[in-house]
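Q: Following this line is upload-v2.cif, made up of mmCIF, C-alpha atoms:
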data_run
loop_
_atom_site.label_atom_id
_atom_site.label_comp_id
_atom_site.auth_asym_id
_atom_site.auth_seq_id
_atom_site.Cartn_x
_atom_site.Cartn_y
_atom_site.Cartn_z
CA MET N 50 -15.89 -4.04 -34.11
CA THR N 51 -15.68 -0.35 -33.22
CA ALA N 52 -12.89 0.45 -30.80
CA THR N 53 -15.05 2.90 -28.86
CA GLN N 54 -17.63 0.36 -27.70
CA VAL N 55 -17.13 -0.13 -23.93
CA VAL N 56 -19.51 -2.23 -21.86
CA PHE N 57 -19.85 -3.01 -18.13
CA THR N 58 -21.38 -6.43 -17.61
CA ARG N 59 -21.75 -9.13 -14.96
CA HIS N 60 -19.89 -11.46 -17.31
CA GLY N 61 -16.93 -9.05 -17.38
CA MET N 62 -16.98 -8.84 -13.58
CA MET N 63 -16.81 -12.63 -13.27
CA ARG N 64 -13.87 -12.73 -15.67
CA GLY N 65 -12.16 -10.12 -13.48
CA VAL N 66 -12.79 -12.19 -10.35
CA ARG N 67 -11.25 -15.28 -11.97
CA ALA N 68 -8.23 -13.36 -13.27
CA ALA N 69 -7.59 -11.91 -9.81
CA LEU N 70 -7.73 -15.24 -7.92
CA PRO N 71 -3.95 -15.90 -7.81
CA MET N 72 -3.39 -12.41 -6.38
CA VAL N 73 -6.33 -12.79 -4.00
CA PHE N 74 -4.68 -15.87 -2.47
CA GLY N 75 -1.14 -14.45 -2.73
CA THR N 76 -1.99 -11.41 -0.59
CA ILE N 77 -3.63 -13.35 2.26
CA PRO N 78 -0.45 -13.10 4.44
CA PHE N 79 -0.47 -9.33 3.88
CA SER N 80 -4.10 -9.14 5.12
CA LEU N 81 -3.36 -11.26 8.19
CA VAL N 82 -0.33 -9.12 9.12
CA THR N 83 -2.37 -5.93 8.80
CA GLY N 84 -5.09 -7.36 11.07
CA ILE N 85 -2.48 -8.35 13.66
CA ALA N 86 -0.89 -4.87 13.46
CA ALA N 87 -4.32 -3.27 14.02
CA GLN N 88 -4.96 -5.42 17.07
CA TYR N 89 -1.51 -4.58 18.43
CA ALA N 90 -2.15 -0.85 17.88
CA GLY N 91 -5.23 -1.20 20.10
CA LEU N 92 -8.04 -1.05 17.52
CA SER N 93 -11.28 -2.88 18.32
CA ALA N 94 -12.52 -5.56 15.90
CA LEU N 95 -15.14 -3.16 14.50
CA GLU N 96 -12.62 -0.32 14.07
CA GLN N 97 -10.27 -2.68 12.23
CA ILE N 98 -13.05 -3.87 9.90
CA LEU N 99 -14.13 -0.27 9.21
CA MET N 100 -10.55 0.70 8.40
CA SER N 101 -9.96 -2.24 6.05
CA ALA N 102 -13.30 -1.81 4.29
CA SER N 103 -13.07 1.97 3.81
CA VAL N 104 -9.33 2.49 3.22
CA PHE N 105 -8.56 -0.80 1.38
CA GLY N 106 -4.86 0.00 1.18
CA GLY N 107 -2.45 -2.36 2.90
CA ALA N 108 0.66 -0.21 2.78
CA ALA N 109 -1.26 2.85 4.06
CA GLN N 110 -2.87 0.90 6.88
CA LEU N 111 0.37 -0.79 7.98
CA LEU N 112 2.23 2.51 7.91
CA ALA N 113 -0.43 4.32 9.95
CA LEU N 114 -0.79 1.41 12.41
CA GLY N 115 2.99 1.20 12.90
CA SER N 116 3.00 4.72 14.36
CA TRP N 117 -0.45 4.59 16.00
CA THR N 118 -0.83 6.54 19.25
CA THR N 119 -3.49 6.61 21.99
CA PRO N 120 -5.55 8.74 21.47
CA ALA N 121 -5.13 8.33 17.71
CA SER N 122 -3.58 11.22 15.77
CA ILE N 123 -6.02 12.12 12.98
CA VAL N 124 -3.43 14.30 11.21
CA THR N 125 -0.66 11.69 11.24
CA ALA N 126 -2.95 8.87 10.03
CA THR N 127 -4.49 11.00 7.28
CA LEU N 128 -1.09 12.24 6.12
CA ALA N 129 0.36 8.71 6.12
CA ALA N 130 -2.53 7.41 4.00
CA PHE N 131 -2.37 10.36 1.62
CA THR N 132 1.37 10.15 1.01
CA ILE N 133 1.49 6.42 0.50
CA ASN N 134 -1.52 6.50 -1.82
CA LEU N 135 -0.26 9.36 -3.98
CA ARG N 136 0.87 6.67 -6.40
CA LEU N 137 -2.81 5.90 -7.08
CA VAL N 138 -3.22 9.43 -8.50
CA LEU N 139 -1.42 8.33 -11.66
CA MET N 140 -3.16 4.95 -11.96
CA GLY N 141 -6.73 6.16 -12.49
CA PRO N 142 -5.99 8.33 -15.58
CA VAL N 143 -4.28 5.39 -17.32
CA LEU N 144 -7.60 3.52 -17.29
CA GLY N 145 -9.24 6.48 -19.05
CA PRO N 146 -10.09 4.54 -22.25
CA TRP N 147 -12.56 2.51 -20.13
CA LEU N 148 -13.59 5.03 -17.46
CA ASP N 149 -14.28 7.88 -19.91
CA LYS N 150 -16.96 5.77 -21.61
CA LEU N 151 -18.83 4.94 -18.37
CA LYS N 152 -21.08 7.00 -16.12
CA GLY N 153 -22.08 6.99 -12.45
CA TRP N 154 -21.31 4.21 -9.95
CA PRO N 155 -19.31 1.96 -12.33
CA VAL N 156 -16.75 4.79 -12.61
CA TRP N 157 -16.58 5.83 -8.95
CA GLY N 158 -17.00 2.27 -7.68
CA SER N 159 -14.20 0.96 -9.91
CA LEU N 160 -11.94 3.76 -8.67
CA PHE N 161 -12.78 2.89 -5.05
CA LEU N 162 -11.62 -0.70 -5.73
CA LEU N 163 -8.41 0.39 -7.48
CA VAL N 164 -5.25 -1.21 -6.03
CA ASP N 165 -1.83 -1.91 -7.54
CA GLN N 166 -2.59 -5.54 -8.34
CA ASN N 167 -5.94 -5.15 -10.11
CA TRP N 168 -4.68 -2.03 -11.86
CA GLY N 169 -1.95 -4.15 -13.42
CA LEU N 170 -4.50 -6.79 -14.46
CA ALA N 171 -6.95 -4.24 -15.86
CA LEU N 172 -4.22 -2.50 -17.82
CA ARG N 173 -3.17 -5.77 -19.44
CA GLU N 174 -6.81 -6.55 -20.33
CA LEU N 175 -7.30 -3.03 -21.72
CA ASN N 176 -4.14 -3.22 -23.85
CA ALA N 177 -5.17 -6.66 -25.13
CA GLY N 178 -8.29 -5.02 -26.58
CA GLY N 179 -10.73 -5.88 -23.77
CA ARG N 180 -13.93 -3.82 -23.99
CA ASP N 181 -15.71 -4.97 -20.83
CA ALA N 182 -14.85 -2.56 -18.00
CA GLY N 183 -16.64 -4.85 -15.53
CA PHE N 184 -13.33 -6.75 -15.48
CA MET N 185 -11.74 -3.95 -13.44
CA PHE N 186 -14.63 -3.83 -10.94
CA GLY N 187 -14.76 -7.62 -10.51
CA SER N 188 -11.01 -8.03 -9.95
CA GLY N 189 -11.06 -5.18 -7.41
CA LEU N 190 -14.08 -6.58 -5.61
CA ALA N 191 -12.42 -10.00 -5.21
CA MET N 192 -9.33 -8.34 -3.71
CA TRP N 193 -11.53 -6.21 -1.41
CA LEU N 194 -13.54 -9.14 -0.05
CA GLN N 195 -10.38 -11.12 0.72
CA TRP N 196 -8.84 -8.04 2.36
CA VAL N 197 -11.78 -7.38 4.70
CA ILE N 198 -12.24 -11.05 5.66
CA PHE N 199 -8.59 -11.96 6.25
CA SER N 200 -7.59 -8.78 8.05
CA ALA N 201 -10.51 -9.47 10.44
CA ILE N 202 -9.14 -13.00 10.94
CA GLY N 203 -5.68 -11.48 11.57
CA HIS N 204 -7.16 -9.17 14.22
CA ALA N 205 -8.82 -12.13 15.97
CA ALA N 206 -5.56 -14.09 15.81
CA GLY N 207 -3.64 -11.15 17.30
CA ALA N 208 -6.12 -10.92 20.18
CA THR N 209 -5.61 -14.63 20.88
CA LEU N 210 -1.80 -14.65 20.58
CA GLN N 211 -1.14 -11.42 22.58
CA LEU N 212 2.36 -10.96 21.12
CA PRO N 213 4.90 -9.08 23.26
CA PRO N 214 6.63 -5.99 21.75
CA GLY N 215 9.72 -6.92 19.76
CA HIS N 216 8.31 -10.33 18.77
CA PRO N 217 9.84 -11.54 15.46
CA LEU N 218 6.37 -11.82 13.90
CA PHE N 219 6.29 -8.01 13.69
CA PHE N 220 9.08 -8.26 11.13
CA CYS N 221 6.26 -9.27 8.72
CA SER N 222 5.16 -5.68 8.21
CA LEU N 223 8.70 -4.60 7.35
CA ALA N 224 8.92 -7.60 4.98
CA VAL N 225 5.79 -6.36 3.17
CA PHE N 226 7.50 -3.06 2.40
CA ILE N 227 10.72 -4.78 1.31
CA CYS N 228 8.67 -6.84 -1.19
CA LEU N 229 6.90 -3.70 -2.44
CA LEU N 230 10.26 -1.94 -2.72
CA ALA N 231 11.75 -4.78 -4.79
CA GLY N 232 8.94 -4.34 -7.31
CA GLN N 233 9.56 -0.61 -7.70
CA TRP N 234 13.10 -0.67 -9.10
CA ARG N 235 13.02 0.38 -12.78
CA ASP N 236 16.61 1.16 -13.78
CA LEU N 237 19.73 3.08 -12.75
CA ARG N 238 17.81 6.36 -12.89
CA ASP N 239 16.24 5.30 -9.59
CA LEU N 240 19.60 5.14 -7.80
CA LEU N 241 20.03 8.87 -7.03
CA PRO N 242 16.42 9.53 -5.90
CA TRP N 243 16.48 6.40 -3.74
CA ALA N 244 19.83 7.34 -2.14
CA VAL N 245 18.58 10.86 -1.38
CA ALA N 246 15.34 9.41 0.07
CA ALA N 247 17.30 6.99 2.28
CA LEU N 248 19.66 9.67 3.65
CA VAL N 249 16.91 12.22 4.32
CA ALA N 250 14.63 9.59 5.92
CA ILE N 251 17.38 8.24 8.20
CA ALA N 252 18.48 11.74 9.23
CA THR N 253 14.89 12.89 9.91
CA ALA N 254 14.11 9.70 11.87
CA GLN N 255 17.14 10.40 14.12
CA LEU N 256 16.17 14.03 14.63
CA TRP N 257 12.44 13.39 15.12
CA PRO N 258 11.92 9.93 16.60
CA GLY N 259 8.47 8.38 16.92
CA SER N 260 6.75 10.18 14.03
CA VAL N 261 5.95 9.19 10.44
CA TYR N 262 7.17 12.48 9.02
CA TYR N 263 10.56 10.99 8.15
CA ILE N 264 8.79 8.86 5.51
CA VAL N 265 7.12 11.90 3.94
CA ALA N 266 10.38 13.88 4.12
CA GLY N 267 12.42 11.11 2.47
CA ALA N 268 9.85 10.44 -0.25
CA LEU N 269 9.47 14.13 -1.15
CA ALA N 270 13.22 14.82 -1.15
CA GLY N 271 13.95 11.76 -3.31
CA SER N 272 11.09 12.32 -5.79
CA LEU N 273 11.88 16.01 -6.24
CA THR N 274 15.56 15.20 -6.80
CA GLY N 275 14.67 12.67 -9.48
CA ALA N 276 12.13 14.93 -11.19
CA ILE N 277 14.44 17.97 -11.17
CA ARG N 278 17.29 15.92 -12.66
CA ASP N 279 15.03 14.40 -15.36
CA THR N 280 13.47 17.73 -16.36
CA TRP N 281 16.87 19.43 -16.34
CA ARG N 282 18.22 16.96 -18.89
CA THR N 283 15.47 17.30 -21.47
CA MET C 1314 -6.23 -4.25 27.77
CA ASN C 1315 -8.24 -5.14 24.64
CA PRO C 1316 -11.07 -2.75 23.77
CA PRO C 1317 -14.59 -4.26 23.50
CA PRO C 1318 -14.95 -5.75 19.97
CA PHE C 1319 -17.70 -3.38 18.83
CA SER C 1320 -16.50 -0.13 20.41
CA ILE C 1321 -15.49 2.92 18.37
CA ASP C 1322 -13.20 5.46 19.98
CA PRO C 1323 -13.94 8.96 18.59
CA TRP C 1324 -10.26 9.71 17.83
CA THR C 1325 -9.72 6.34 16.18
CA GLY C 1326 -12.95 6.80 14.20
CA GLY C 1327 -11.76 10.24 13.09
CA ALA C 1328 -8.37 8.86 12.04
CA ILE C 1329 -10.04 6.06 10.03
CA LEU C 1330 -12.35 8.59 8.35
CA GLY C 1331 -9.37 10.82 7.52
CA MET C 1332 -7.50 7.87 6.02
CA ALA C 1333 -10.55 6.78 4.00
CA ILE C 1334 -11.16 10.27 2.60
CA SER C 1335 -7.52 10.97 1.72
CA THR C 1336 -7.19 7.54 0.08
CA TYR C 1337 -10.32 7.98 -2.03
CA ALA C 1338 -9.14 11.47 -2.94
CA CYS C 1339 -6.01 9.85 -4.44
CA ARG C 1340 -7.93 7.05 -6.20
CA ALA C 1341 -10.70 9.15 -7.73
CA GLY C 1342 -9.11 12.61 -7.56
CA GLY C 1343 -6.26 11.74 -9.92
CA TYR C 1344 -8.65 10.50 -12.59
CA TRP C 1345 -11.01 13.46 -12.09
CA LEU C 1346 -8.27 16.12 -12.03
CA PHE C 1347 -6.27 14.80 -14.99
CA SER C 1348 -9.42 14.55 -17.11
CA LYS C 1349 -9.74 18.34 -16.59
CA ILE C 1350 -6.09 19.45 -16.77
CA LYS C 1351 -2.96 17.96 -18.29
CA PRO C 1352 -0.25 17.26 -15.69
CA SER C 1353 3.10 18.88 -16.40
CA PRO C 1354 6.04 16.53 -17.16
CA PHE C 1355 7.63 17.65 -13.88
CA LEU C 1356 4.57 16.71 -11.77
CA ARG C 1357 4.29 13.43 -13.63
CA ALA C 1358 7.95 12.65 -12.87
CA VAL C 1359 7.52 13.51 -9.16
CA LEU C 1360 4.47 11.23 -8.86
CA ALA C 1361 6.25 8.40 -10.68
CA TYR C 1362 9.17 8.53 -8.23
CA ILE C 1363 6.92 8.58 -5.13
CA PRO C 1364 6.32 4.82 -4.61
CA GLY C 1365 9.98 3.75 -4.74
CA THR C 1366 11.34 6.61 -2.63
CA LEU C 1367 8.50 6.17 -0.14
CA PHE C 1368 9.23 2.48 0.43
CA VAL C 1369 12.96 3.27 0.73
CA SER C 1370 12.13 5.90 3.35
CA PHE C 1371 10.12 3.36 5.33
CA VAL C 1372 12.55 0.44 5.13
CA LEU C 1373 15.98 2.04 5.58
CA PRO C 1374 15.40 3.83 8.92
CA ALA C 1375 13.76 0.64 10.24
CA LEU C 1376 16.91 -1.31 9.29
CA VAL C 1377 19.15 1.26 10.97
CA SER C 1378 17.21 1.05 14.25
CA GLY C 1379 16.42 -2.68 14.04
CA GLY C 1380 19.93 -4.09 14.45
CA TRP C 1381 21.52 -7.02 12.65
CA PRO C 1382 18.72 -9.65 13.06
CA THR C 1383 16.36 -7.29 11.23
CA ALA C 1384 19.00 -6.58 8.58
CA ALA C 1385 19.56 -10.33 8.07
CA GLY C 1386 15.80 -10.87 7.69
CA ALA C 1387 15.62 -7.98 5.23
CA VAL C 1388 18.39 -9.42 3.04
CA VAL C 1389 16.70 -12.86 2.98
CA THR C 1390 13.31 -11.30 2.13
CA LEU C 1391 14.83 -9.24 -0.68
CA LEU C 1392 16.77 -12.17 -2.17
CA ILE C 1393 13.72 -14.47 -2.20
CA MET C 1394 11.57 -11.70 -3.69
CA LEU C 1395 14.07 -10.97 -6.47
CA ARG C 1396 14.42 -14.65 -7.26
CA THR C 1397 10.84 -15.92 -6.98
CA ARG C 1398 8.68 -12.74 -7.16
CA SER C 1399 6.49 -14.48 -4.59
CA PHE C 1400 5.07 -12.29 -1.83
CA PRO C 1401 4.14 -15.08 0.63
CA LEU C 1402 7.45 -16.96 0.19
CA SER C 1403 9.54 -13.83 0.77
CA MET C 1404 7.62 -12.85 3.90
CA LEU C 1405 7.85 -16.40 5.24
CA GLY C 1406 11.61 -16.67 4.57
CA GLY C 1407 12.43 -13.28 6.08
CA THR C 1408 10.29 -13.76 9.17
CA ALA C 1409 11.63 -17.29 9.71
CA THR C 1410 15.18 -15.86 9.61
CA VAL C 1411 14.44 -13.20 12.23
CA TRP C 1412 12.56 -15.75 14.35
CA THR C 1413 15.43 -18.22 14.25
CA ILE C 1414 17.97 -15.58 15.34
CA TRP C 1415 15.57 -14.46 18.09
CA ALA C 1416 15.04 -18.01 19.33
CA LEU C 1417 18.78 -18.79 19.43
CA HIS C 1418 19.53 -15.76 21.58
#
Would you mind writing the file out in structure tokens?

A:
Amino acid sequence: MTATQVVFTRHGMMRGVRAALPMVFGTIPFSLVTGIAAQYAGLSALEQILMSASVFGGAAQLLALGSWTTPASIVTATLAAFTINLRLVLMGPVLGPWLDKLKGWPVWGSLFLLVDQNWGLALRELNAGGRDAGFMFGSGLAMWLQWVIFSAIGHAAGATLQLPPGHPLFFCSLAVFICLLAGQWRDLRDLLPWAVAALVAIATAQLWPGSVYYIVAGALAGSLTGAIRDTWRT
Amino acid sequence: MNPPPFSIDPWTGGAILGMAISTYACRAGGYWLFSKIKPSPFLRAVLAYIPGTLFVSFVLPALVSGGWPTAAGAVVTLLIMLRTRSFPLSMLGGTATVWTIWALH
């Protein structure tokens, strides 16, 4: 078998769907919480569905919805989504051995459906010698369908429950980020950048309450610190 | 208080469009750009540190302003996540902790 032969088939897509099923079910609470947050921020059902279908990024949506204003701030929402999704910039190139061999909608469609979970799955399949890039598209599509359906259900549930501000259920969105954070720790090299990020974020949040800029400030300060230290050493 | 289910506010629509465009720019733009140019080791290092520092920057200020029930919930969430690696279990445990404290007050 030649290593360069890459295909994109329905069979590969179905294999991707099956491989993604545990993650599809595991992220249902995340979808519900995002739908509830959208309802609480004042989005209509249609606006919520459009956001989930077009953005398809839970962390970005929760972050933007947590600081949502009326009327909505286009700059703040766009900046929140961009910053939180910067991590995706590095994920696409890693799948190059598949994507480089494809043309047209399979490439741009697969990239649209790229999220942390199916990226991890696709990478494992790629490294195991998988040659069917439909796997990536199928696993992403399964995640997307669940996301759109269950965030819509969350929105409907929020409209029925009418939670007051400060209700403990809103802790769910913070819990999502704590879970994501736990998965990001690599080794002791992360300690300094994370400490810098925490200090800068806390200080900026005190100085500039009610904006999301403290998140951008903390992330940039921490990442630059880590990168400068690492490049300095080598 | 609730908007009609099928209404679209122009500002909200604009914000959603901005989020969708900037997100797709990250998803597809990274692949497109790095197939044209090679990222420097410095840029690569910055991008690799972004997710962790970003989540830290979201969580820590929320803990500072949230008081001790939030902090207790955060500790429970983190412990369950580190032990089980299960997203739903961690969220359930953390939220149940905050809810219990809230209900007892």

Q: Using all atoms listed in the file for the distances, tell me which of N:Ile202, N:Ala268, N:Val164, N:Leu112 is nearest to chain C.

A: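 Going through N:Ile202, N:Ala268, N:Val164, N:Leu112 one by one, the smallest distance to chain C is for N:Ala268.
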
Q: Using all atoms listed in the file, can you tell me which of N:His204, N:Gly75, N:Arg238, N:Leu194 comes closest to Asn1315 in chain C?

A: N:His204

Q: With only C-alpha atoms considered, list every residue of chain N at most 6 Å from chain C, as a PyMOL selection string.

A: chain N and resi 93-95+100+103-104+121+123+126-127+130-131+135+137-138+141-142+160+217+220+224+230+233+243+246-247+250-251+264+267-268+271-273+276

Q: Need to verify the contact set: Arg64 in chain N, 12 Å, all atoms listed in the file, exclusion of same-chain residues closer than 3 positions in sequence. Can you return it as a PyMOL selection string?

A: chain N and resi 57-61+67-70+170-171+174+179+181-191

Q: For the residues in that selection, give me C-alpha atoms as a PDB file, in the coordinates of the input.

A:
ATOM      1  CA  PHE N  57     -19.850  -3.010 -18.130  1.00  0.00           C
ATOM      2  CA  THR N  58     -21.380  -6.430 -17.610  1.00  0.00           C
ATOM      3  CA  ARG N  59     -21.750  -9.130 -14.960  1.00  0.00           C
ATOM      4  CA  HIS N  60     -19.890 -11.460 -17.310  1.00  0.00           C
ATOM      5  CA  GLY N  61     -16.930  -9.050 -17.380  1.00  0.00           C
ATOM      6  CA  ARG N  67     -11.250 -15.280 -11.970  1.00  0.00           C
ATOM      7  CA  ALA N  68      -8.230 -13.360 -13.270  1.00  0.00           C
ATOM      8  CA  ALA N  69      -7.590 -11.910  -9.810  1.00  0.00           C
ATOM      9  CA  LEU N  70      -7.730 -15.240  -7.920  1.00  0.00           C
ATOM     10  CA  LEU N 170      -4.500  -6.790 -14.460  1.00  0.00           C
ATOM     11  CA  ALA N 171      -6.950  -4.240 -15.860  1.00  0.00           C
ATOM     12  CA  GLU N 174      -6.810  -6.550 -20.330  1.00  0.00           C
ATOM     13  CA  GLY N 179     -10.730  -5.880 -23.770  1.00  0.00           C
ATOM     14  CA  ASP N 181     -15.710  -4.970 -20.830  1.00  0.00           C
ATOM     15  CA  ALA N 182     -14.850  -2.560 -18.000  1.00  0.00           C
ATOM     16  CA  GLY N 183     -16.640  -4.850 -15.530  1.00  0.00           C
ATOM     17  CA  PHE N 184     -13.330  -6.750 -15.480  1.00  0.00           C
ATOM     18  CA  MET N 185     -11.740  -3.950 -13.440  1.00  0.00           C
ATOM     19  CA  PHE N 186     -14.630  -3.830 -10.940  1.00  0.00           C
ATOM     20  CA  GLY N 187     -14.760  -7.620 -10.510  1.00  0.00           C
ATOM     21  CA  SER N 188     -11.010  -8.030  -9.950  1.00  0.00           C
ATOM     22  CA  GLY N 189     -11.060  -5.180  -7.410  1.00  0.00           C
ATOM     23  CA  LEU N 190     -14.080  -6.580  -5.610  1.00  0.00           C
ATOM     24  CA  ALA N 191     -12.420 -10.000  -5.210  1.00  0.00           C
TER      25      ALA N 191
END

Q: Just the number, please: distance in Å from CA of Ile98 in chain N to CA of Val124 in chain N, one decimal.

A: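 Separating CA of Ile98 in chain N from CA of Val124 in chain N is a distance of 20.6 Å.
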
Q: Going by the chain IDs and residue numbers used in this file, which residues fall under the PyMOL selection byres ((chain N and resi 146) around 10)? Write them as a list in words.

A: Ala52, Thr53, Val55, Pro142, Val143, Leu144, Gly145, Trp147, Leu148, Asp149, Lys150, Leu151, Leu175, Asn176, Arg180 and Ala182 of chain N

Q: If the PyMOL selection byres ((chain N and resi 199) around 8) is run on the structure shown, which residues does it catch, given as a ChimeraX atom specification?

A: /N:77,80-81,84,195-198,200-203

Q: Env of Trp193 in chain N: 8 Å cut, atoms = only C-alpha atoms, seq-sep filter 6 positions within chain, self excluded. Answer as a list in words.

A: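 Everything that qualifies: Ala102, Phe105 and Leu162 of chain N.
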
Q: So the first atom is CA of Leu139 in chain N and the second is CA of Ala252 in chain N; what is the distance between them in Å, to one decimal place?

A: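 Interatomic distance, CA of Leu139 in chain N to CA of Ala252 in chain N: 29.1 Å.
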
Q: Hey, can you check how far CA of Ser101 in chain N sits from CA of Cys228 in chain N?

A: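 Straight-line distance from CA of Ser101 in chain N to CA of Cys228 in chain N works out to 20.5 Å.
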
Q: From the list N:Leu111, N:Leu241, N:Ala177, N:Met63, which residue is nearest Gln88 in chain N when using all atoms listed in the file?

A: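 Looking at the shortest contact to Gln88 in chain N, the residue is N:Leu111.
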
Q: Identify which of the residues N:Val66, N:Ala129, N:Ala270, N:Val56 lies closest to Gly106 in chain N, counting only C-alpha atoms when measuring atom-to-atom distances.

A: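 Once distances to Gly106 in chain N are computed over only C-alpha atoms, the minimum belongs to N:Ala129.
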
Q: If I wrap all listed atoms of range 134-150 of chain N in a box with edges along x, y and z and add 6 Å on each side, what are its centre and edge lengths in Å to one decimal, as JSON?

A:
{"center_x": -8.0, "center_y": 6.0, "center_z": -12.0, "size_x": 29.8, "size_y": 18.9, "size_z": 32.4}

Q: Between N:Phe79, N:Gly65, N:Leu92, N:Arg278, single out the one closest to Leu172 in chain N, counting only C-alpha atoms.

A: N:Gly65
